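Step one of this worksheet: look at the structure below.
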Amino acid sequence: MKTAIDRLARDYARIEEAIRFLEANFRRHPSLEEVAAHVQLSPWHFQRCFRRWAGVTPKQFLQYLTAGYAKELLRQSHSVLDTSLDCGLSGPGRLHDLFVTLDALTPGEYKAQGAGLAIHYGFHPTPFGTCLVAVTDRGICALRFVSDDGRKTALTELQQEWPRSEFREDRRETGEIVRRLFAAEPTLRDAPLAVLVKGTNFQIKVWEALLRIPAGKAASYGEIARQAGVPRASRAVGSAIGANPVAFLIPCHRVLRETGAIGGYRWGTARKRAILAWEAARLREAG
């Protein structure tokens, strides 16, 4: 039996291809009919697919993909990190936001390379394609988007990052995490989600700063660098953001360049645009 997330995941492949087409042809402002034809759908079916996935029409959705919107988002979000919760983590009162607790391996545990940890993992559909989720009894240690033919490689890379941990597939446990992450109803998202990360002190400071960015907001690389205590190290901050081990939940997709340019993304710029626009559309529909 197909779930709502299964259907959204199926739709996403079309949406991502449409976004790629728009990225390559934005100067021409292609029509709805042209974009629909590119993804091999009729305009009616394309519009229906979009509504099911984003909750808004393609025309409404496209406004969130423009450079002008990105610049305005940065302007509206100026100093958002300074005004977020003192604890530095997402608050449970924010609509469509997650309450996250972050734990990090100690230097000794880091050196031990995950010895003694049991890691349960699973591959699951999401509104942004297939993801690999991995969890320990201390929290989620990985969430990464993968292509369907890249599952073996993604799992191998994860095992190499935690070489002395014991891995076991458990789609029931990891599936519950995916349902909470992408739940339509906020009541399913109220309880805290724990995250366990393995990184340097600098990387952890950057990831904590990312957790201060609410849904529907954005921060620049420079602002993240300032929050991490290294205002002149935007390049190093970019590397730390790229090493974020927990996609979507630690929201590295909410970081943009000062100019409003989308910037890089470990899992592809089309997916980054899709996530930002999807969040904006959901917040808009919520009023």
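Scheme for the structure tokens: letters A, B, ... for chains in order shown; per-chain residue numbers from 1; ligand numbers from 1 in order shown.
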Contacts of segment 49-63 of chain A within 9 Å, only C-alpha atoms, excl. fewer than 3 positions in-chain, as a PyMOL selection string: chain A and resi 7-9+11-12+14-15+32+44-46+66+68-69+127+277-282+285
Next, dump the selected residues to file, keeping only N, CA and C atoms, as a PDB file, in the first residue's frame.
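The result, written out as out.pdb:
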ATOM      1  N   ARG A   7       4.015   8.645  -2.495  1.00  0.00           N
ATOM      2  CA  ARG A   7       3.493   9.411  -3.628  1.00  0.00           C
ATOM      3  C   ARG A   7       4.297  10.691  -3.838  1.00  0.00           C
ATOM      4  N   LEU A   8       4.654  11.369  -2.733  1.00  0.00           N
ATOM      5  CA  LEU A   8       5.454  12.587  -2.847  1.00  0.00           C
ATOM      6  C   LEU A   8       6.831  12.276  -3.423  1.00  0.00           C
ATOM      7  N   ALA A   9       7.404  11.156  -3.016  1.00  0.00           N
ATOM      8  CA  ALA A   9       8.713  10.761  -3.530  1.00  0.00           C
ATOM      9  C   ALA A   9       8.642  10.490  -5.028  1.00  0.00           C
ATOM     10  N   ASP A  11       6.493  11.852  -7.091  1.00  0.00           N
ATOM     11  CA  ASP A  11       6.329  13.161  -7.731  1.00  0.00           C
ATOM     12  C   ASP A  11       7.639  13.921  -7.784  1.00  0.00           C
ATOM     13  N   TYR A  12       8.488  13.729  -6.760  1.00  0.00           N
ATOM     14  CA  TYR A  12       9.692  14.550  -6.663  1.00  0.00           C
ATOM     15  C   TYR A  12      10.599  14.409  -7.873  1.00  0.00           C
ATOM     16  N   ARG A  14       9.869  14.170 -10.908  1.00  0.00           N
ATOM     17  CA  ARG A  14       9.387  15.113 -11.921  1.00  0.00           C
ATOM     18  C   ARG A  14       9.717  16.545 -11.516  1.00  0.00           C
ATOM     19  N   ILE A  15       9.507  16.859 -10.236  1.00  0.00           N
ATOM     20  CA  ILE A  15       9.745  18.229  -9.760  1.00  0.00           C
ATOM     21  C   ILE A  15      11.219  18.590  -9.912  1.00  0.00           C
ATOM     22  N   LEU A  32       4.468  27.313 -18.523  1.00  0.00           N
ATOM     23  CA  LEU A  32       4.039  26.084 -17.854  1.00  0.00           C
ATOM     24  C   LEU A  32       3.987  24.937 -18.852  1.00  0.00           C
ATOM     25  N   TRP A  44      -2.015  19.786 -17.459  1.00  0.00           N
ATOM     26  CA  TRP A  44      -2.972  19.453 -16.392  1.00  0.00           C
ATOM     27  C   TRP A  44      -2.345  18.493 -15.388  1.00  0.00           C
ATOM     28  N   HIS A  45      -1.692  17.442 -15.890  1.00  0.00           N
ATOM     29  CA  HIS A  45      -1.076  16.471 -14.993  1.00  0.00           C
ATOM     30  C   HIS A  45       0.119  17.080 -14.240  1.00  0.00           C
ATOM     31  N   PHE A  46       0.858  17.934 -14.908  1.00  0.00           N
ATOM     32  CA  PHE A  46       1.982  18.596 -14.260  1.00  0.00           C
ATOM     33  C   PHE A  46       1.491  19.473 -13.107  1.00  0.00           C
ATOM     34  N   THR A  66      13.178  32.108  -7.607  1.00  0.00           N
ATOM     35  CA  THR A  66      13.868  33.210  -8.262  1.00  0.00           C
ATOM     36  C   THR A  66      14.986  33.769  -7.394  1.00  0.00           C
ATOM     37  N   GLY A  68      15.464  36.894  -7.001  1.00  0.00           N
ATOM     38  CA  GLY A  68      14.863  37.986  -6.245  1.00  0.00           C
ATOM     39  C   GLY A  68      14.281  37.510  -4.930  1.00  0.00           C
ATOM     40  N   TYR A  69      13.621  36.343  -4.952  1.00  0.00           N
ATOM     41  CA  TYR A  69      13.076  35.808  -3.707  1.00  0.00           C
ATOM     42  C   TYR A  69      14.188  35.464  -2.731  1.00  0.00           C
ATOM     43  N   PRO A 127       9.861  13.308   0.421  1.00  0.00           N
ATOM     44  CA  PRO A 127       9.432  14.277  -0.602  1.00  0.00           C
ATOM     45  C   PRO A 127      10.572  14.792  -1.474  1.00  0.00           C
ATOM     46  N   ALA A 277      11.900  25.986  -1.451  1.00  0.00           N
ATOM     47  CA  ALA A 277      10.605  26.385  -1.976  1.00  0.00           C
ATOM     48  C   ALA A 277       9.481  25.592  -1.327  1.00  0.00           C
ATOM     49  N   TRP A 278       9.706  24.311  -1.061  1.00  0.00           N
ATOM     50  CA  TRP A 278       8.710  23.457  -0.402  1.00  0.00           C
ATOM     51  C   TRP A 278       8.404  23.991   0.991  1.00  0.00           C
ATOM     52  N   GLU A 279       9.446  24.370   1.745  1.00  0.00           N
ATOM     53  CA  GLU A 279       9.232  24.937   3.079  1.00  0.00           C
ATOM     54  C   GLU A 279       8.453  26.238   2.996  1.00  0.00           C
ATOM     55  N   ALA A 280       8.831  27.091   2.052  1.00  0.00           N
ATOM     56  CA  ALA A 280       8.150  28.373   1.903  1.00  0.00           C
ATOM     57  C   ALA A 280       6.679  28.179   1.547  1.00  0.00           C
ATOM     58  N   ALA A 281       6.398  27.244   0.657  1.00  0.00           N
ATOM     59  CA  ALA A 281       5.019  26.992   0.247  1.00  0.00           C
ATOM     60  C   ALA A 281       4.193  26.467   1.413  1.00  0.00           C
ATOM     61  N   ARG A 282       4.755  25.588   2.209  1.00  0.00           N
ATOM     62  CA  ARG A 282       4.017  25.036   3.355  1.00  0.00           C
ATOM     63  C   ARG A 282       3.711  26.110   4.382  1.00  0.00           C
ATOM     64  N   GLU A 285       0.925  28.325   3.007  1.00  0.00           N
ATOM     65  CA  GLU A 285      -0.390  27.688   3.101  1.00  0.00           C
ATOM     66  C   GLU A 285      -0.900  27.646   4.531  1.00  0.00           C
TER      67      GLU A 285
END
Residue list (helix (DSSP H, G or I), DSSP) for segment 152-206 of chain A, as number ranges by chain: A: 152-161, 171-181, 186-189, 201-206
Write out as a compact mmCIF listing (two decimals) with N, CA, C and O atoms, in the first residue's frame the residues lying within 12 Å of segment 19-25 of chain A, counting only C-alpha atoms and excluding same-chain residues fewer than 2 positions away.
# COMPACT_ATOMS: atom_id res chain seq x y z
N TYR A 12 8.49 13.73 -6.76
CA TYR A 12 9.69 14.55 -6.66
C TYR A 12 10.60 14.41 -7.87
O TYR A 12 11.22 15.39 -8.32
N ALA A 13 10.71 13.23 -8.43
CA ALA A 13 11.58 13.04 -9.59
C ALA A 13 11.18 13.99 -10.71
O ALA A 13 12.03 14.59 -11.38
N ARG A 14 9.87 14.17 -10.91
CA ARG A 14 9.39 15.11 -11.92
C ARG A 14 9.72 16.55 -11.52
O ARG A 14 10.14 17.35 -12.34
N ILE A 15 9.51 16.86 -10.24
CA ILE A 15 9.75 18.23 -9.76
C ILE A 15 11.22 18.59 -9.91
O ILE A 15 11.56 19.69 -10.37
N GLU A 16 12.11 17.68 -9.53
CA GLU A 16 13.54 17.97 -9.62
C GLU A 16 13.95 18.19 -11.08
O GLU A 16 14.73 19.11 -11.38
N GLU A 17 13.42 17.38 -11.97
CA GLU A 17 13.76 17.56 -13.38
C GLU A 17 13.24 18.90 -13.89
O GLU A 17 13.92 19.58 -14.67
N ARG A 27 16.41 32.49 -17.90
CA ARG A 27 16.42 33.79 -18.59
C ARG A 27 15.30 33.89 -19.63
O ARG A 27 14.85 34.98 -19.98
N ARG A 28 14.82 32.74 -20.11
CA ARG A 28 13.75 32.73 -21.11
C ARG A 28 12.36 32.73 -20.50
O ARG A 28 11.37 32.90 -21.20
N HIS A 29 12.28 32.52 -19.19
CA HIS A 29 10.99 32.41 -18.50
C HIS A 29 10.07 31.42 -19.21
O HIS A 29 9.01 31.79 -19.75
N PRO A 30 10.45 30.15 -19.27
CA PRO A 30 9.64 29.17 -20.00
C PRO A 30 8.23 29.07 -19.42
O PRO A 30 8.01 29.24 -18.22
N SER A 31 7.29 28.78 -20.28
CA SER A 31 5.88 28.69 -19.89
C SER A 31 5.62 27.38 -19.16
O SER A 31 6.42 26.43 -19.21
N LEU A 32 4.47 27.31 -18.52
CA LEU A 32 4.04 26.08 -17.85
C LEU A 32 3.99 24.94 -18.85
O LEU A 32 4.42 23.82 -18.56
N GLU A 34 5.71 24.52 -21.57
CA GLU A 34 7.05 24.08 -21.97
C GLU A 34 7.70 23.22 -20.90
O GLU A 34 8.31 22.19 -21.20
N VAL A 35 7.56 23.64 -19.63
CA VAL A 35 8.14 22.86 -18.54
C VAL A 35 7.45 21.51 -18.44
O VAL A 35 8.09 20.47 -18.26
N ALA A 36 6.13 21.50 -18.57
CA ALA A 36 5.37 20.24 -18.51
C ALA A 36 5.81 19.29 -19.62
O ALA A 36 5.99 18.09 -19.39
N ALA A 37 6.00 19.84 -20.81
CA ALA A 37 6.44 19.00 -21.93
C ALA A 37 7.82 18.42 -21.67
O ALA A 37 8.10 17.27 -22.03
N HIS A 38 8.68 19.19 -21.02
CA HIS A 38 10.04 18.72 -20.74
C HIS A 38 10.03 17.50 -19.82
O HIS A 38 10.86 16.60 -19.96
N VAL A 39 9.09 17.47 -18.87
CA VAL A 39 9.02 16.33 -17.95
C VAL A 39 8.01 15.30 -18.43
O VAL A 39 7.61 14.40 -17.69
N PHE A 50 2.28 18.96 -9.13
CA PHE A 50 2.83 20.03 -8.30
C PHE A 50 1.99 20.28 -7.07
O PHE A 50 2.51 20.44 -5.95
N PRO A 58 2.19 25.45 -9.78
CA PRO A 58 3.54 25.73 -10.27
C PRO A 58 3.85 27.22 -10.33
O PRO A 58 4.96 27.65 -10.00
N PHE A 61 4.64 28.36 -6.92
CA PHE A 61 5.88 27.74 -6.48
C PHE A 61 7.10 28.42 -7.11
O PHE A 61 8.13 28.61 -6.44
N LEU A 62 6.99 28.80 -8.37
CA LEU A 62 8.13 29.35 -9.09
C LEU A 62 8.62 30.66 -8.49
O LEU A 62 9.80 31.00 -8.62
N GLN A 63 7.75 31.39 -7.79
CA GLN A 63 8.20 32.64 -7.19
C GLN A 63 9.25 32.39 -6.12
O GLN A 63 10.07 33.26 -5.84
N TYR A 64 9.25 31.18 -5.54
CA TYR A 64 10.23 30.85 -4.50
C TYR A 64 11.55 30.37 -5.09
O TYR A 64 12.50 30.12 -4.35
N LEU A 65 11.61 30.24 -6.40
CA LEU A 65 12.83 29.76 -7.05
C LEU A 65 13.66 30.88 -7.65
O LEU A 65 14.75 30.63 -8.15
N THR A 66 13.18 32.11 -7.61
CA THR A 66 13.87 33.21 -8.26
C THR A 66 14.99 33.77 -7.39
O THR A 66 14.96 33.67 -6.16
N ALA A 67 15.96 34.41 -8.05
CA ALA A 67 17.05 35.07 -7.32
C ALA A 67 16.49 36.22 -6.48
O ALA A 67 16.98 36.49 -5.38
N ALA A 261 22.58 34.23 -4.25
CA ALA A 261 22.82 33.02 -5.05
C ALA A 261 22.63 31.79 -4.17
O ALA A 261 22.90 31.81 -2.97
N ILE A 262 22.18 30.71 -4.79
CA ILE A 262 21.77 29.53 -4.03
C ILE A 262 22.96 28.87 -3.33
O ILE A 262 22.81 28.26 -2.28
N GLY A 268 22.97 18.36 -4.34
CA GLY A 268 22.53 18.97 -5.58
C GLY A 268 21.75 20.25 -5.39
O GLY A 268 20.89 20.36 -4.51
N THR A 269 22.04 21.26 -6.23
CA THR A 269 21.38 22.55 -6.09
C THR A 269 19.89 22.48 -6.43
O THR A 269 19.09 23.23 -5.87
N ALA A 270 19.51 21.58 -7.33
CA ALA A 270 18.08 21.44 -7.64
C ALA A 270 17.32 20.99 -6.40
O ALA A 270 16.23 21.49 -6.11
N ARG A 271 17.90 20.06 -5.64
CA ARG A 271 17.25 19.60 -4.43
C ARG A 271 17.21 20.73 -3.38
O ARG A 271 16.23 20.88 -2.65
N LYS A 272 18.29 21.51 -3.29
CA LYS A 272 18.31 22.63 -2.35
C LYS A 272 17.19 23.62 -2.67
O LYS A 272 16.47 24.07 -1.77
N ARG A 273 17.05 23.98 -3.95
CA ARG A 273 15.97 24.88 -4.34
C ARG A 273 14.61 24.27 -4.00
O ARG A 273 13.70 24.96 -3.53
N ALA A 274 14.47 22.97 -4.27
CA ALA A 274 13.19 22.31 -4.01
C ALA A 274 12.84 22.35 -2.53
O ALA A 274 11.70 22.63 -2.16
N ILE A 275 13.80 22.08 -1.65
CA ILE A 275 13.53 22.08 -0.22
C ILE A 275 13.15 23.47 0.26
O ILE A 275 12.18 23.65 1.02
N ALA A 277 11.90 25.99 -1.45
CA ALA A 277 10.61 26.38 -1.98
C ALA A 277 9.48 25.59 -1.33
O ALA A 277 8.40 26.13 -1.05
Å distance separating atom CA of Glu176 of chain A from atom CA of Phe99 of chain A, one decimal place: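 Between these atoms lies a distance of 15.9 Å.
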Interatomic distance (Å, one decimal) between atom CA of Leu155 of chain A and atom CA of Asp137 of chain A: 18.9 Å
Residue neighbourhood Lys111 of chain A, 12 Å, only C-alpha atoms, exclusion window fewer than 6 positions, as a ChimeraX atom specification: /A:105,161-164,198-200
Distance criterion (only C-alpha atoms): nearest to Arg171 of chain A out of A:Ile224, A:Ala134, A:Leu256, A:Ala219: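 So, comparing all the options, the nearest one is A:Ala134.
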Spatial neighbours of Leu73 of chain A, max dist 9 Å, only C-alpha atoms, sep filter under 3 positions, as a PyMOL selection string: chain A and resi 68-70+76-78+216-219+260
Given the selection you just returned, output its residues as a file containing N, CA, C and O atoms, formatted as a PDB file, in the first residue's frame.
ATOM      1  N   GLY A  68      15.464  36.894  -7.001  1.00  0.00           N
ATOM      2  CA  GLY A  68      14.863  37.986  -6.245  1.00  0.00           C
ATOM      3  C   GLY A  68      14.281  37.510  -4.930  1.00  0.00           C
ATOM      4  O   GLY A  68      14.420  38.185  -3.902  1.00  0.00           O
ATOM      5  N   TYR A  69      13.621  36.343  -4.952  1.00  0.00           N
ATOM      6  CA  TYR A  69      13.076  35.808  -3.707  1.00  0.00           C
ATOM      7  C   TYR A  69      14.188  35.464  -2.731  1.00  0.00           C
ATOM      8  O   TYR A  69      14.075  35.739  -1.530  1.00  0.00           O
ATOM      9  N   ALA A  70      15.288  34.887  -3.216  1.00  0.00           N
ATOM     10  CA  ALA A  70      16.406  34.522  -2.341  1.00  0.00           C
ATOM     11  C   ALA A  70      16.990  35.764  -1.672  1.00  0.00           C
ATOM     12  O   ALA A  70      17.297  35.752  -0.470  1.00  0.00           O
ATOM     13  N   GLN A  76      14.968  39.671   4.826  1.00  0.00           N
ATOM     14  CA  GLN A  76      13.991  39.480   5.895  1.00  0.00           C
ATOM     15  C   GLN A  76      14.571  38.703   7.070  1.00  0.00           C
ATOM     16  O   GLN A  76      14.151  38.882   8.215  1.00  0.00           O
ATOM     17  N   SER A  77      15.544  37.847   6.787  1.00  0.00           N
ATOM     18  CA  SER A  77      16.110  36.979   7.815  1.00  0.00           C
ATOM     19  C   SER A  77      17.363  37.570   8.451  1.00  0.00           C
ATOM     20  O   SER A  77      18.067  36.887   9.191  1.00  0.00           O
ATOM     21  N   HIS A  78      17.669  38.835   8.172  1.00  0.00           N
ATOM     22  CA  HIS A  78      18.888  39.443   8.684  1.00  0.00           C
ATOM     23  C   HIS A  78      18.975  39.282  10.198  1.00  0.00           C
ATOM     24  O   HIS A  78      18.029  39.567  10.922  1.00  0.00           O
ATOM     25  N   GLY A 216      11.605  28.590   6.666  1.00  0.00           N
ATOM     26  CA  GLY A 216      11.140  29.810   6.029  1.00  0.00           C
ATOM     27  C   GLY A 216      12.095  30.973   6.151  1.00  0.00           C
ATOM     28  O   GLY A 216      11.796  32.077   5.698  1.00  0.00           O
ATOM     29  N   LYS A 217      13.258  30.753   6.759  1.00  0.00           N
ATOM     30  CA  LYS A 217      14.276  31.790   6.911  1.00  0.00           C
ATOM     31  C   LYS A 217      15.567  31.303   6.259  1.00  0.00           C
ATOM     32  O   LYS A 217      15.685  30.165   5.836  1.00  0.00           O
ATOM     33  N   ALA A 218      16.555  32.192   6.211  1.00  0.00           N
ATOM     34  CA  ALA A 218      17.845  31.826   5.632  1.00  0.00           C
ATOM     35  C   ALA A 218      18.934  32.634   6.307  1.00  0.00           C
ATOM     36  O   ALA A 218      18.676  33.660   6.935  1.00  0.00           O
ATOM     37  N   ALA A 219      20.160  32.171   6.179  1.00  0.00           N
ATOM     38  CA  ALA A 219      21.333  32.887   6.684  1.00  0.00           C
ATOM     39  C   ALA A 219      22.413  32.822   5.627  1.00  0.00           C
ATOM     40  O   ALA A 219      22.431  31.911   4.792  1.00  0.00           O
ATOM     41  N   GLY A 260      22.484  36.357  -2.610  1.00  0.00           N
ATOM     42  CA  GLY A 260      21.218  35.672  -2.842  1.00  0.00           C
ATOM     43  C   GLY A 260      21.365  34.447  -3.721  1.00  0.00           C
ATOM     44  O   GLY A 260      20.395  33.721  -3.925  1.00  0.00           O
TER      45      GLY A 260
END
Could you give me, as JSON lines, every segment 146-211 of chain A residue with an atom at most 12 Å from segment 233-244 of chain A, plus its closest atom pair and distance in Å to one decimal, counting only C-alpha atoms, rows ordered by chain then number?
{"residue": "A:Glu161", "atom": "CA", "partner": "A:Ala243", "partner_atom": "CA", "distance": 11.7}
{"residue": "A:Val195", "atom": "CA", "partner": "A:Asn244", "partner_atom": "CA", "distance": 11.6}
{"residue": "A:Leu196", "atom": "CA", "partner": "A:Asn244", "partner_atom": "CA", "distance": 11.6}
{"residue": "A:Val197", "atom": "CA", "partner": "A:Asn244", "partner_atom": "CA", "distance": 8.8}
{"residue": "A:Lys198", "atom": "CA", "partner": "A:Asn244", "partner_atom": "CA", "distance": 9.8}
{"residue": "A:Gly199", "atom": "CA", "partner": "A:Ala243", "partner_atom": "CA", "distance": 8.9}
{"residue": "A:Thr200", "atom": "CA", "partner": "A:Ala240", "partner_atom": "CA", "distance": 9.3}
{"residue": "A:Asn201", "atom": "CA", "partner": "A:Ala240", "partner_atom": "CA", "distance": 10.6}
{"residue": "A:Phe202", "atom": "CA", "partner": "A:Ala240", "partner_atom": "CA", "distance": 7.9}
{"residue": "A:Gln203", "atom": "CA", "partner": "A:Ala240", "partner_atom": "CA", "distance": 5.2}
{"residue": "A:Ile204", "atom": "CA", "partner": "A:Ala240", "partner_atom": "CA", "distance": 8.5}
{"residue": "A:Lys205", "atom": "CA", "partner": "A:Ala240", "partner_atom": "CA", "distance": 9.4}
{"residue": "A:Val206", "atom": "CA", "partner": "A:Ala240", "partner_atom": "CA", "distance": 6.7}
{"residue": "A:Trp207", "atom": "CA", "partner": "A:Asn244", "partner_atom": "CA", "distance": 7.0}
{"residue": "A:Glu208", "atom": "CA", "partner": "A:Asn244", "partner_atom": "CA", "distance": 10.6}
{"residue": "A:Ala209", "atom": "CA", "partner": "A:Ile241", "partner_atom": "CA", "distance": 10.2}
{"residue": "A:Leu210", "atom": "CA", "partner": "A:Ile241", "partner_atom": "CA", "distance": 8.5}
{"residue": "A:Leu211", "atom": "CA", "partner": "A:Asn244", "partner_atom": "CA", "distance": 11.4}
Residues of segment 141-263 of chain A in strand (DSSP E or B), written as a list in words: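 Assigned to strand (DSSP E or B), within segment 141-263 of chain A: Cys141, Ala142, Leu143, Arg144, Phe145, Glu166, Phe167, Arg168, Glu169, Leu193, Ala194, Val195, Leu196, Val197, Ala219, Ser220, Val246, Val255 and Leu256 of chain A.
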Counting only C-alpha atoms, the option among A:Ile119, A:Thr3, A:Phe145, A:Glu169 closest to Tyr265 of chain A: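 Nearest to Tyr265 of chain A: A:Phe145.
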Spatial neighbours of Leu143 of chain A, max dist 8 Å, only C-alpha atoms, sep filter under 3 positions, as a PyMOL selection string: chain A and resi 131-134+140+245-248
Atom pair atom CA of Gly122 of chain A / atom CA of Val135 of chain A: separation (Å):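 Atom CA of Val135 of chain A lies at a distance of 9.2 Å from atom CA of Gly122 of chain A.
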Pick from A:Ala4, A:Ala118, A:Ala183, A:Ala191 nearest to Glu166 of chain A, counting only C-alpha atoms: A:Ala118
Can you list, as a compact mmCIF listing (two decimals) with N, CA and C atoms, in the first residue's frame, every protein, DNA or RNA residue that comes within 8 Å of Arg257 of chain A when you count only C-alpha atoms, leaving out same-chain residues fewer than 6 positions away?
# COMPACT_ATOMS: atom_id res chain seq x y z
N SER A 220 23.31 33.78 5.64
CA SER A 220 24.42 33.78 4.71
C SER A 220 25.59 32.99 5.30
N TYR A 221 26.51 32.62 4.44
CA TYR A 221 27.71 31.93 4.91
C TYR A 221 28.47 32.82 5.89
N GLY A 263 24.16 28.97 -3.89
CA GLY A 263 25.33 28.31 -3.30
C GLY A 263 25.31 26.82 -3.57
Residue nearest Ala194 of chain A - candidates A:Gln40, A:Thr136, A:Thr153, A:Thr174, atoms counted: only C-alpha atoms: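 Using only C-alpha atoms, Ala194 of chain A sits closest to A:Thr136.
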